[in-house]
$ cat coords-v7.cif   # mmCIF, C-alpha atoms, pLDDT in the B column; chains and numbers go by the auth columns
data_work
#
loop_
_atom_site.group_PDB
_atom_site.id
_atom_site.type_symbol
_atom_site.label_atom_id
_atom_site.label_comp_id
_atom_site.label_asym_id
_atom_site.label_seq_id
_atom_site.Cartn_x
_atom_site.Cartn_y
_atom_site.Cartn_z
_atom_site.B_iso_or_equiv
_atom_site.auth_seq_id
_atom_site.auth_asym_id
ATOM 1 C CA MET A 1 -18.515 5.825 -38.022 41.00 1 A
ATOM 2 C CA SER A 2 -16.064 4.338 -35.553 42.00 2 A
ATOM 3 C CA THR A 3 -17.313 2.812 -32.340 49.00 3 A
ATOM 4 C CA PRO A 4 -16.069 3.800 -28.867 49.00 4 A
ATOM 5 C CA PHE A 5 -14.556 0.340 -28.501 52.00 5 A
ATOM 6 C CA THR A 6 -11.733 1.297 -30.889 49.00 6 A
ATOM 7 C CA ASP A 7 -10.759 4.353 -28.859 50.00 7 A
ATOM 8 C CA VAL A 8 -7.408 3.156 -27.514 53.00 8 A
ATOM 9 C CA ALA A 9 -4.084 5.000 -27.389 46.00 9 A
ATOM 10 C CA ALA A 10 -2.495 4.561 -30.827 44.00 10 A
ATOM 11 C CA GLU A 11 0.876 3.370 -29.580 46.00 11 A
ATOM 12 C CA HIS A 12 -0.749 0.331 -27.957 43.00 12 A
ATOM 13 C CA ALA A 13 -3.494 -0.449 -30.483 44.00 13 A
ATOM 14 C CA LEU A 14 -1.221 -2.695 -32.552 46.00 14 A
ATOM 15 C CA PHE A 15 -3.648 -5.576 -32.881 46.00 15 A
ATOM 16 C CA ASN A 16 -2.768 -8.315 -35.309 53.00 16 A
ATOM 17 C CA THR A 17 -4.224 -11.720 -36.056 64.00 17 A
ATOM 18 C CA LYS A 18 -1.217 -13.495 -34.565 71.00 18 A
ATOM 19 C CA SER A 19 -1.767 -11.886 -31.140 76.00 19 A
ATOM 20 C CA ARG A 20 -5.400 -12.957 -31.022 76.00 20 A
ATOM 21 C CA GLN A 21 -4.609 -16.485 -32.200 79.00 21 A
ATOM 22 C CA LYS A 22 -1.838 -16.882 -29.642 84.00 22 A
ATOM 23 C CA ILE A 23 -4.038 -15.711 -26.766 89.00 23 A
ATOM 24 C CA GLN A 24 -6.741 -18.180 -27.757 87.00 24 A
ATOM 25 C CA GLN A 25 -4.222 -20.965 -27.067 87.00 25 A
ATOM 26 C CA THR A 26 -4.403 -20.129 -23.358 91.00 26 A
ATOM 27 C CA GLU A 27 -4.555 -23.097 -20.968 93.00 27 A
ATOM 28 C CA PHE A 28 -4.788 -23.333 -17.194 93.00 28 A
ATOM 29 C CA MET A 29 -1.357 -23.773 -15.657 94.00 29 A
ATOM 30 C CA THR A 30 -1.475 -23.585 -11.848 93.00 30 A
ATOM 31 C CA SER A 31 -2.804 -21.666 -8.845 92.00 31 A
ATOM 32 C CA ALA A 32 -0.849 -20.089 -6.011 91.00 32 A
ATOM 33 C CA PRO A 33 -2.336 -19.113 -2.626 86.00 33 A
ATOM 34 C CA THR A 34 0.499 -16.669 -1.947 86.00 34 A
ATOM 35 C CA PHE A 35 3.076 -14.668 -3.880 88.00 35 A
ATOM 36 C CA ARG A 36 5.918 -16.870 -2.648 89.00 36 A
ATOM 37 C CA LEU A 37 4.313 -19.953 -4.183 92.00 37 A
ATOM 38 C CA CYS A 38 3.990 -18.462 -7.664 94.00 38 A
ATOM 39 C CA PRO A 39 5.686 -20.221 -10.620 95.00 39 A
ATOM 40 C CA PRO A 40 9.313 -19.295 -11.436 95.00 40 A
ATOM 41 C CA ASP A 41 9.722 -15.592 -12.189 96.00 41 A
ATOM 42 C CA VAL A 42 10.866 -16.026 -15.804 96.00 42 A
ATOM 43 C CA GLY A 43 9.444 -15.175 -19.222 95.00 43 A
ATOM 44 C CA LEU A 44 6.640 -12.620 -19.535 95.00 44 A
ATOM 45 C CA GLU A 45 3.204 -12.384 -17.984 96.00 45 A
ATOM 46 C CA VAL A 46 0.239 -10.017 -18.111 97.00 46 A
ATOM 47 C CA ALA A 47 -1.975 -9.758 -15.035 97.00 47 A
ATOM 48 C CA PHE A 48 -5.710 -9.087 -14.898 96.00 48 A
ATOM 49 C CA ALA A 49 -7.026 -7.287 -11.834 94.00 49 A
ATOM 50 C CA GLY A 50 -10.217 -5.624 -10.701 92.00 50 A
ATOM 51 C CA ARG A 51 -12.966 -5.462 -8.148 89.00 51 A
ATOM 52 C CA SER A 52 -14.802 -8.727 -7.577 83.00 52 A
ATOM 53 C CA ASN A 53 -17.838 -7.568 -9.554 86.00 53 A
ATOM 54 C CA ALA A 54 -15.985 -5.887 -12.442 91.00 54 A
ATOM 55 C CA GLY A 55 -16.428 -8.805 -14.866 91.00 55 A
ATOM 56 C CA LYS A 56 -12.854 -10.069 -14.797 92.00 56 A
ATOM 57 C CA SER A 57 -13.607 -13.746 -15.445 90.00 57 A
ATOM 58 C CA SER A 58 -16.022 -12.860 -18.247 92.00 58 A
ATOM 59 C CA ALA A 59 -13.360 -10.683 -19.885 94.00 59 A
ATOM 60 C CA ILE A 60 -10.741 -13.453 -19.769 93.00 60 A
ATOM 61 C CA ASN A 61 -13.173 -16.033 -21.147 93.00 61 A
ATOM 62 C CA ALA A 62 -14.249 -13.721 -23.977 94.00 62 A
ATOM 63 C CA LEU A 63 -10.637 -12.827 -24.833 93.00 63 A
ATOM 64 C CA THR A 64 -9.499 -16.446 -24.980 92.00 64 A
ATOM 65 C CA ASN A 65 -12.753 -17.607 -26.626 91.00 65 A
ATOM 66 C CA GLN A 66 -13.206 -20.223 -23.897 89.00 66 A
ATOM 67 C CA ARG A 67 -16.377 -20.264 -21.817 81.00 67 A
ATOM 68 C CA GLN A 68 -15.016 -21.811 -18.626 75.00 68 A
ATOM 69 C CA LEU A 69 -11.302 -20.978 -18.642 85.00 69 A
ATOM 70 C CA ALA A 70 -11.653 -18.463 -15.818 74.00 70 A
ATOM 71 C CA ARG A 71 -14.461 -19.659 -13.599 65.00 71 A
ATOM 72 C CA SER A 72 -16.931 -16.961 -12.697 53.00 72 A
ATOM 73 C CA SER A 73 -19.011 -17.175 -9.566 47.00 73 A
ATOM 74 C CA LYS A 74 -22.336 -15.722 -8.511 47.00 74 A
ATOM 75 C CA THR A 75 -20.605 -14.878 -5.233 46.00 75 A
ATOM 76 C CA PRO A 76 -18.101 -12.040 -5.856 49.00 76 A
ATOM 77 C CA GLY A 77 -14.875 -12.387 -3.920 46.00 77 A
ATOM 78 C CA ARG A 78 -14.845 -16.184 -4.032 49.00 78 A
ATOM 79 C CA THR A 79 -11.619 -16.395 -6.052 57.00 79 A
ATOM 80 C CA GLN A 80 -8.835 -16.361 -3.470 71.00 80 A
ATOM 81 C CA MET A 81 -5.908 -17.681 -5.507 83.00 81 A
ATOM 82 C CA ILE A 82 -3.460 -16.211 -8.001 90.00 82 A
ATOM 83 C CA ASN A 83 -4.322 -18.231 -11.116 92.00 83 A
ATOM 84 C CA PHE A 84 -1.744 -18.723 -13.882 95.00 84 A
ATOM 85 C CA PHE A 85 -2.519 -19.635 -17.493 95.00 85 A
ATOM 86 C CA SER A 86 0.040 -20.490 -20.162 95.00 86 A
ATOM 87 C CA ILE A 87 -0.224 -18.963 -23.638 92.00 87 A
ATOM 88 C CA GLY A 88 1.363 -21.399 -26.063 84.00 88 A
ATOM 89 C CA ASP A 89 4.166 -22.147 -23.595 87.00 89 A
ATOM 90 C CA THR A 90 4.929 -21.486 -19.938 91.00 90 A
ATOM 91 C CA ASN A 91 7.120 -18.491 -20.793 93.00 91 A
ATOM 92 C CA ARG A 92 4.019 -16.517 -21.832 94.00 92 A
ATOM 93 C CA ARG A 93 1.443 -16.309 -19.077 96.00 93 A
ATOM 94 C CA LEU A 94 -1.870 -14.669 -18.303 96.00 94 A
ATOM 95 C CA VAL A 95 -2.446 -14.140 -14.584 96.00 95 A
ATOM 96 C CA ASP A 96 -5.876 -13.849 -12.965 94.00 96 A
ATOM 97 C CA LEU A 97 -5.420 -11.996 -9.684 91.00 97 A
ATOM 98 C CA PRO A 98 -7.905 -12.311 -6.792 86.00 98 A
ATOM 99 C CA GLY A 99 -10.811 -9.887 -6.953 83.00 99 A
ATOM 100 C CA TYR A 100 -10.846 -7.155 -4.341 80.00 100 A
ATOM 101 C CA GLY A 101 -13.151 -4.657 -2.669 68.00 101 A
ATOM 102 C CA TYR A 102 -16.283 -6.741 -2.183 62.00 102 A
ATOM 103 C CA ALA A 103 -18.063 -5.943 1.084 55.00 103 A
ATOM 104 C CA ALA A 104 -19.040 -9.559 1.907 62.00 104 A
ATOM 105 C CA VAL A 105 -15.398 -10.664 2.145 65.00 105 A
ATOM 106 C CA PRO A 106 -14.052 -10.633 5.745 72.00 106 A
ATOM 107 C CA LEU A 107 -11.810 -7.683 6.562 74.00 107 A
ATOM 108 C CA GLU A 108 -8.833 -9.872 7.477 77.00 108 A
ATOM 109 C CA MET A 109 -9.045 -11.635 4.117 73.00 109 A
ATOM 110 C CA LYS A 110 -9.154 -8.271 2.348 74.00 110 A
ATOM 111 C CA LYS A 111 -5.992 -7.221 4.161 77.00 111 A
ATOM 112 C CA GLU A 112 -4.233 -10.462 3.223 77.00 112 A
ATOM 113 C CA TRP A 113 -5.182 -10.048 -0.431 77.00 113 A
ATOM 114 C CA GLN A 114 -3.981 -6.444 -0.394 81.00 114 A
ATOM 115 C CA VAL A 115 -0.547 -7.475 0.903 82.00 115 A
ATOM 116 C CA GLU A 116 -0.249 -10.222 -1.710 82.00 116 A
ATOM 117 C CA LEU A 117 -1.358 -7.991 -4.581 84.00 117 A
ATOM 118 C CA GLU A 118 1.050 -5.222 -3.649 85.00 118 A
ATOM 119 C CA GLU A 119 3.965 -7.643 -3.325 86.00 119 A
ATOM 120 C CA TYR A 120 3.138 -9.209 -6.678 90.00 120 A
ATOM 121 C CA LEU A 121 2.906 -5.877 -8.525 90.00 121 A
ATOM 122 C CA VAL A 122 6.071 -4.481 -6.986 88.00 122 A
ATOM 123 C CA SER A 123 8.284 -7.578 -6.921 89.00 123 A
ATOM 124 C CA ARG A 124 7.366 -9.720 -9.947 93.00 124 A
ATOM 125 C CA SER A 125 10.131 -9.194 -12.525 94.00 125 A
ATOM 126 C CA SER A 126 8.393 -11.063 -15.344 96.00 126 A
ATOM 127 C CA LEU A 127 5.267 -8.896 -15.096 96.00 127 A
ATOM 128 C CA ALA A 128 5.089 -7.009 -18.402 96.00 128 A
ATOM 129 C CA GLY A 129 1.775 -5.210 -17.935 96.00 129 A
ATOM 130 C CA LEU A 130 -1.427 -4.912 -15.911 97.00 130 A
ATOM 131 C CA VAL A 131 -4.964 -4.966 -17.298 98.00 131 A
ATOM 132 C CA LEU A 132 -7.182 -3.233 -14.753 97.00 132 A
ATOM 133 C CA MET A 133 -10.935 -3.729 -15.065 97.00 133 A
ATOM 134 C CA THR A 134 -13.416 -1.272 -13.622 96.00 134 A
ATOM 135 C CA ASP A 135 -17.195 -1.117 -14.090 96.00 135 A
ATOM 136 C CA ILE A 136 -18.036 1.742 -16.469 97.00 136 A
ATOM 137 C CA ARG A 137 -20.968 2.726 -14.230 96.00 137 A
ATOM 138 C CA HIS A 138 -18.711 3.069 -11.167 93.00 138 A
ATOM 139 C CA PRO A 139 -15.158 3.592 -12.481 94.00 139 A
ATOM 140 C CA LEU A 140 -11.965 3.878 -10.451 94.00 140 A
ATOM 141 C CA LYS A 141 -12.960 3.125 -6.889 92.00 141 A
ATOM 142 C CA PHE A 142 -10.454 3.651 -4.077 90.00 142 A
ATOM 143 C CA PHE A 143 -8.621 0.341 -4.416 88.00 143 A
ATOM 144 C CA ASP A 144 -8.533 0.661 -8.213 93.00 144 A
ATOM 145 C CA GLU A 145 -6.575 3.868 -7.726 93.00 145 A
ATOM 146 C CA GLN A 146 -4.343 2.155 -5.174 90.00 146 A
ATOM 147 C CA MET A 147 -3.500 -0.536 -7.740 91.00 147 A
ATOM 148 C CA LEU A 148 -2.681 2.143 -10.308 94.00 148 A
ATOM 149 C CA HIS A 149 -0.343 3.937 -7.916 92.00 149 A
ATOM 150 C CA TRP A 150 1.455 0.679 -7.082 89.00 150 A
ATOM 151 C CA ALA A 151 1.890 0.044 -10.786 92.00 151 A
ATOM 152 C CA LYS A 152 3.219 3.558 -11.290 91.00 152 A
ATOM 153 C CA ASP A 153 5.733 3.082 -8.468 87.00 153 A
ATOM 154 C CA GLY A 154 6.970 -0.070 -10.202 86.00 154 A
ATOM 155 C CA ASP A 155 7.075 1.530 -13.697 90.00 155 A
ATOM 156 C CA LEU A 156 4.504 -1.048 -14.803 94.00 156 A
ATOM 157 C CA PRO A 157 2.378 -0.176 -17.872 95.00 157 A
ATOM 158 C CA VAL A 158 -1.378 -0.337 -17.281 97.00 158 A
ATOM 159 C CA HIS A 159 -4.282 -0.718 -19.678 97.00 159 A
ATOM 160 C CA ILE A 160 -7.738 0.009 -18.249 98.00 160 A
ATOM 161 C CA LEU A 161 -10.937 -1.672 -19.393 98.00 161 A
ATOM 162 C CA LEU A 162 -14.184 0.146 -18.697 98.00 162 A
ATOM 163 C CA THR A 163 -16.188 -3.062 -18.501 97.00 163 A
ATOM 164 C CA LYS A 164 -19.913 -3.677 -19.008 97.00 164 A
ATOM 165 C CA ALA A 165 -20.052 -0.887 -21.583 97.00 165 A
ATOM 166 C CA ASP A 166 -23.144 -2.562 -23.005 96.00 166 A
ATOM 167 C CA LYS A 167 -25.034 -1.277 -19.946 96.00 167 A
ATOM 168 C CA LEU A 168 -24.803 2.298 -21.271 97.00 168 A
ATOM 169 C CA LYS A 169 -25.823 3.961 -24.512 96.00 169 A
ATOM 170 C CA TYR A 170 -23.200 5.156 -27.001 93.00 170 A
ATOM 171 C CA GLY A 171 -23.138 8.772 -25.816 96.00 171 A
ATOM 172 C CA ALA A 172 -22.986 7.844 -22.139 97.00 172 A
ATOM 173 C CA SER A 173 -20.149 5.397 -22.828 96.00 173 A
ATOM 174 C CA LYS A 174 -18.119 8.070 -24.614 96.00 174 A
ATOM 175 C CA ASN A 175 -18.697 10.514 -21.760 97.00 175 A
ATOM 176 C CA ALA A 176 -17.600 7.916 -19.204 97.00 176 A
ATOM 177 C CA LEU A 177 -14.444 7.274 -21.206 97.00 177 A
ATOM 178 C CA LEU A 178 -13.682 10.987 -21.466 97.00 178 A
ATOM 179 C CA ASN A 179 -14.347 11.661 -17.783 97.00 179 A
ATOM 180 C CA THR A 180 -12.198 8.730 -16.668 97.00 180 A
ATOM 181 C CA ARG A 181 -9.341 9.966 -18.862 96.00 181 A
ATOM 182 C CA LYS A 182 -9.598 13.389 -17.226 96.00 182 A
ATOM 183 C CA ARG A 183 -9.547 11.811 -13.792 95.00 183 A
ATOM 184 C CA LEU A 184 -6.464 9.746 -14.609 96.00 184 A
ATOM 185 C CA LYS A 185 -4.699 12.868 -15.844 94.00 185 A
ATOM 186 C CA LYS A 186 -5.622 14.724 -12.661 94.00 186 A
ATOM 187 C CA LEU A 187 -4.195 11.848 -10.605 92.00 187 A
ATOM 188 C CA GLY A 188 -0.976 11.934 -12.633 93.00 188 A
ATOM 189 C CA LEU A 189 -1.529 8.409 -13.961 93.00 189 A
ATOM 190 C CA ASN A 190 -0.469 7.674 -17.531 91.00 190 A
ATOM 191 C CA CYS A 191 -2.558 4.686 -18.627 95.00 191 A
ATOM 192 C CA THR A 192 -4.178 3.595 -21.861 95.00 192 A
ATOM 193 C CA ILE A 193 -7.914 2.982 -21.639 97.00 193 A
ATOM 194 C CA GLN A 194 -10.761 1.567 -23.685 96.00 194 A
ATOM 195 C CA LEU A 195 -14.422 0.568 -23.504 97.00 195 A
ATOM 196 C CA PHE A 196 -15.111 -3.146 -23.198 97.00 196 A
ATOM 197 C CA SER A 197 -18.091 -5.488 -23.335 97.00 197 A
ATOM 198 C CA ALA A 198 -17.594 -9.206 -22.760 95.00 198 A
ATOM 199 C CA LEU A 199 -21.285 -9.791 -23.431 95.00 199 A
ATOM 200 C CA ARG A 200 -21.122 -8.265 -26.920 95.00 200 A
ATOM 201 C CA LYS A 201 -17.475 -9.270 -27.451 93.00 201 A
ATOM 202 C CA GLU A 202 -16.565 -5.679 -28.234 94.00 202 A
ATOM 203 C CA GLY A 203 -13.090 -4.316 -27.566 93.00 203 A
ATOM 204 C CA LEU A 204 -11.400 -7.736 -27.803 92.00 204 A
ATOM 205 C CA ASP A 205 -9.153 -6.856 -30.738 90.00 205 A
ATOM 206 C CA GLU A 206 -7.829 -3.740 -29.032 91.00 206 A
ATOM 207 C CA LEU A 207 -7.136 -5.617 -25.795 93.00 207 A
ATOM 208 C CA ALA A 208 -5.359 -8.440 -27.643 91.00 208 A
ATOM 209 C CA GLY A 209 -3.218 -5.854 -29.448 89.00 209 A
ATOM 210 C CA VAL A 210 -2.110 -4.261 -26.199 92.00 210 A
ATOM 211 C CA MET A 211 -1.245 -7.629 -24.702 92.00 211 A
ATOM 212 C CA GLY A 212 0.617 -8.733 -27.833 90.00 212 A
ATOM 213 C CA ASN A 213 2.686 -5.578 -27.633 90.00 213 A
ATOM 214 C CA TRP A 214 3.590 -6.283 -24.006 92.00 214 A
ATOM 215 C CA TYR A 215 4.467 -9.918 -24.601 89.00 215 A
ATOM 216 C CA ASP A 216 6.775 -9.096 -27.529 75.00 216 A
ATOM 217 C CA TYR A 217 8.281 -5.831 -26.333 42.00 217 A
ATOM 218 C CA GLN A 218 11.134 -7.195 -24.218 41.00 218 A
ATOM 219 C CA LEU A 219 11.894 -9.918 -26.753 41.00 219 A
ATOM 220 C CA ASN A 220 12.240 -7.275 -29.452 45.00 220 A
ATOM 221 C CA ASP A 221 14.682 -5.410 -27.226 42.00 221 A
ATOM 222 C CA GLU A 222 16.718 -8.597 -26.792 42.00 222 A
ATOM 223 C CA LYS A 223 16.711 -9.205 -30.539 40.00 223 A
ATOM 224 C CA LEU A 224 17.895 -5.655 -31.168 37.00 224 A
ATOM 225 C CA ILE A 225 20.698 -6.085 -28.652 37.00 225 A
ATOM 226 C CA GLU A 226 21.732 -9.388 -30.263 41.00 226 A
ATOM 227 C CA SER A 227 21.591 -7.733 -33.686 41.00 227 A
ATOM 228 C CA ASP A 228 23.754 -4.841 -32.495 42.00 228 A
ATOM 229 C CA LEU A 229 26.279 -7.246 -30.995 43.00 229 A
ATOM 230 C CA SER A 230 26.344 -9.284 -34.204 48.00 230 A
ATOM 231 C CA GLU A 231 26.891 -6.174 -36.306 47.00 231 A
ATOM 232 C CA SER A 232 29.605 -5.059 -33.904 46.00 232 A
ATOM 233 C CA ASP A 233 31.361 -8.424 -34.222 50.00 233 A
ATOM 234 C CA ASP A 234 31.090 -8.268 -38.016 51.00 234 A
ATOM 235 C CA THR A 235 32.574 -4.761 -37.993 47.00 235 A
ATOM 236 C CA ASP A 236 35.437 -5.861 -35.761 49.00 236 A
ATOM 237 C CA ASN A 237 36.139 -8.873 -37.987 51.00 237 A
ATOM 238 C CA SER A 238 36.003 -6.679 -41.062 47.00 238 A
ATOM 239 C CA ASP A 239 38.523 -4.245 -39.561 50.00 239 A
ATOM 240 C CA THR A 240 40.818 -7.141 -38.630 46.00 240 A
ATOM 241 C CA GLU A 241 40.586 -8.672 -42.102 47.00 241 A
ATOM 242 C CA GLN A 242 41.336 -5.290 -43.721 49.00 242 A
ATOM 243 C CA ALA A 243 44.377 -4.858 -41.480 46.00 243 A
ATOM 244 C CA ASP A 244 45.650 -8.322 -42.505 50.00 244 A
ATOM 245 C CA VAL A 245 45.239 -7.471 -46.201 43.00 245 A
ATOM 246 C CA THR A 246 47.127 -4.196 -45.733 45.00 246 A
ATOM 247 C CA GLN A 247 49.946 -5.978 -43.928 48.00 247 A
ATOM 248 C CA GLU A 248 50.210 -8.655 -46.660 46.00 248 A
ATOM 249 C CA THR A 249 50.360 -5.983 -49.370 45.00 249 A
ATOM 250 C CA SER A 250 53.120 -4.164 -47.516 46.00 250 A
ATOM 251 C CA GLU A 251 55.151 -7.353 -47.116 45.00 251 A
ATOM 252 C CA GLN A 252 54.844 -8.146 -50.834 46.00 252 A
ATOM 253 C CA LYS A 253 56.193 -4.689 -51.732 41.00 253 A
ATOM 254 C CA ASP A 254 59.160 -5.189 -49.434 45.00 254 A
ATOM 255 C CA ILE A 255 59.992 -8.501 -51.183 40.00 255 A
ATOM 256 C CA GLU A 256 59.781 -6.894 -54.626 41.00 256 A
#

$ encode --input "coords-v7.cif" --output "structure tokens"
Amino acid sequence: MSTPFTDVAAEHALFNTKSRQKIQQTEFMTSAPTFRLCPPDVGLEVAFAGRSNAGKSSAINALTNQRQLARSSKTPGRTQMINFFSIGDTNRRLVDLPGYGYAAVPLEMKKEWQVELEEYLVSRSSLAGLVLMTDIRHPLKFFDEQMLHWAKDGDLPVHILLTKADKLKYGASKNALLNTRKRLKKLGLNCTIQLFSALRKEGLDELAGVMGNWYDYQLNDEKLIESDLSESDDTDNSDTEQADVTQETSEQKDIE
């Protein structure tokens, strides 16, 4: 019997060993206090976002198989920087966005984070996809929905993790997944979604598959374009060569 952790939209569940191995090569790159100080907007990056208590750091550490890559804190809302990690090289990046929505964070700081997050989601050209984490026991709070609408406005694909799925029994987890899907549909939001448990390391393969698809998607498009151009050049050269042969044949007949 399949587990609920494999219940991901088929078009994005293209997990392969290479994707997982690549992501486990993740290394810390740099931190930026504001959007304007982010690294150059080139290559491809996938951002992780969620409320401060949604288990974002735990998810990143479990995915990359590194205990302290993304530092988790007992005080939610402590992470105030946009953290960048390279995956193999600096043209493939994982981005840990500041947590949001925690009551203990001063209101002015919340407003600053909101401005930065919106600017990043709307303006970052290299952003290939957003992984949004939400606690399965309290899914899709107000600011989660706000993030999803920003992503929709920017035509940015989103994959949702219902985190801490180990806190619920199998049947309750499936119901939460089904109900969240219905809610997304009602809101007009087209996102893929899965159950996830960093504690039990369940759902990692599906998440890695989605990310691998995002990282490679634009490159595949470029390769197809280059292939089309190459074929076009070959066709043009072939036509030219055929015309030359025809002309030479005609000239030989005239001589004879």

$ atom_distance --input "coords-v7.cif" --atom1 "CA of Leu121 (chain A)" --atom2 "CA of Ile87 (chain A)"
20.2 Å

$ closest_atom_pairs --input "coords-v7.cif" --of "region 89-165 of chain A" --to "region 45-56 of chain A" --cutoff "6 Å" --atoms "all atoms listed in the file" --output "JSON lines"
{"residue": "A:Arg92", "atom": "CA", "partner": "A:Glu45", "partner_atom": "CA", "distance": 5.7}
{"residue": "A:Arg93", "atom": "CA", "partner": "A:Glu45", "partner_atom": "CA", "distance": 4.4}
{"residue": "A:Leu94", "atom": "CA", "partner": "A:Val46", "partner_atom": "CA", "distance": 5.1}
{"residue": "A:Val95", "atom": "CA", "partner": "A:Ala47", "partner_atom": "CA", "distance": 4.4}
{"residue": "A:Asp96", "atom": "CA", "partner": "A:Phe48", "partner_atom": "CA", "distance": 5.1}
{"residue": "A:Leu97", "atom": "CA", "partner": "A:Ala49", "partner_atom": "CA", "distance": 5.4}
{"residue": "A:Gly99", "atom": "CA", "partner": "A:Ser52", "partner_atom": "CA", "distance": 4.2}
{"residue": "A:Tyr100", "atom": "CA", "partner": "A:Arg51", "partner_atom": "CA", "distance": 4.7}
{"residue": "A:Gly101", "atom": "CA", "partner": "A:Arg51", "partner_atom": "CA", "distance": 5.5}
{"residue": "A:Tyr102", "atom": "CA", "partner": "A:Ser52", "partner_atom": "CA", "distance": 5.9}
{"residue": "A:Ser126", "atom": "CA", "partner": "A:Glu45", "partner_atom": "CA", "distance": 6.0}
{"residue": "A:Leu127", "atom": "CA", "partner": "A:Glu45", "partner_atom": "CA", "distance": 5.0}
{"residue": "A:Ala128", "atom": "CA", "partner": "A:Glu45", "partner_atom": "CA", "distance": 5.7}
{"residue": "A:Gly129", "atom": "CA", "partner": "A:Val46", "partner_atom": "CA", "distance": 5.0}
{"residue": "A:Leu130", "atom": "CA", "partner": "A:Ala47", "partner_atom": "CA", "distance": 5.0}
{"residue": "A:Val131", "atom": "CA", "partner": "A:Phe48", "partner_atom": "CA", "distance": 4.8}
{"residue": "A:Leu132", "atom": "CA", "partner": "A:Ala49", "partner_atom": "CA", "distance": 5.0}
{"residue": "A:Met133", "atom": "CA", "partner": "A:Gly50", "partner_atom": "CA", "distance": 4.8}
{"residue": "A:Thr134", "atom": "CA", "partner": "A:Ala54", "partner_atom": "CA", "distance": 5.4}
{"residue": "A:Asp135", "atom": "CA", "partner": "A:Ala54", "partner_atom": "CA", "distance": 5.2}

$ closest_residue --input "coords-v7.cif" --among "A:Val42, A:Cys191, A:Leu37, A:Val210" --to "Asn91 (chain A)" --atoms "all atoms listed in the file"
A:Val42

$ residues_around --input "coords-v7.cif" --residues "Arg67 (chain A)" --least-positions-apart "5" --cutoff "12 Å" --atoms "only C-alpha atoms" --output "number ranges by chain"
A: 24, 57-62, 72, 198-199

$ atom_distance --input "coords-v7.cif" --atom1 "CA of Asp216 (chain A)" --atom2 "CA of Cys38 (chain A)"
22.1 Å

$ residues_around --input "coords-v7.cif" --residues "Tyr215 (chain A)" --least-positions-apart "3" --cutoff "7 Å" --atoms "all atoms listed in the file" --output "PyMOL selection string"
chain A and resi 44+128+211-212

$ resolve_selection --input "coords-v7.cif" --expression "the PyMOL selection byres ((chain A and resi 149) around 12)" --output "list in words"
Glu118, Leu121, Val122, Leu130, Leu140, Phe142, Phe143, Asp144, Glu145, Gln146, Met147, Leu148, Trp150, Ala151, Lys152, Asp153, Gly154, Asp155, Leu156, Pro157, Val158, Leu184, Leu187, Gly188, Leu189, Asn190 and Cys191 of chain A

$ atom_distance --input "coords-v7.cif" --atom1 "CA of Asn83 (chain A)" --atom2 "CA of Met29 (chain A)"
7.8 Å

$ residues_around --input "coords-v7.cif" --residues "Thr34 (chain A)" --least-positions-apart "3" --cutoff "12 Å" --atoms "all atoms listed in the file" --output "list of chain:residue names"
A:Ser31, A:Leu37, A:Cys38, A:Pro39, A:Gln80, A:Met81, A:Ile82, A:Asn83, A:Leu97, A:Pro98, A:Glu112, A:Trp113, A:Gln114, A:Val115, A:Glu116, A:Leu117, A:Glu118, A:Glu119, A:Tyr120

$ resolve_selection --input "coords-v7.cif" --expression "the PyMOL selection byres ((chain A and resi 161) around 7)" --output "list in words"
Leu132, Met133, Thr134, His159, Ile160, Leu162, Thr163, Ile193, Gln194, Leu195 and Phe196 of chain A

$ closest_residue --input "coords-v7.cif" --among "A:Pro139, A:Gly88, A:Gly203, A:Gly209" --to "Ala176 (chain A)" --atoms "all atoms listed in the file"
A:Pro139

$ closest_residue --input "coords-v7.cif" --among "A:Met109, A:Phe28, A:Asn179, A:Arg137" --to "Asp166 (chain A)" --atoms "all atoms listed in the file"
A:Arg137
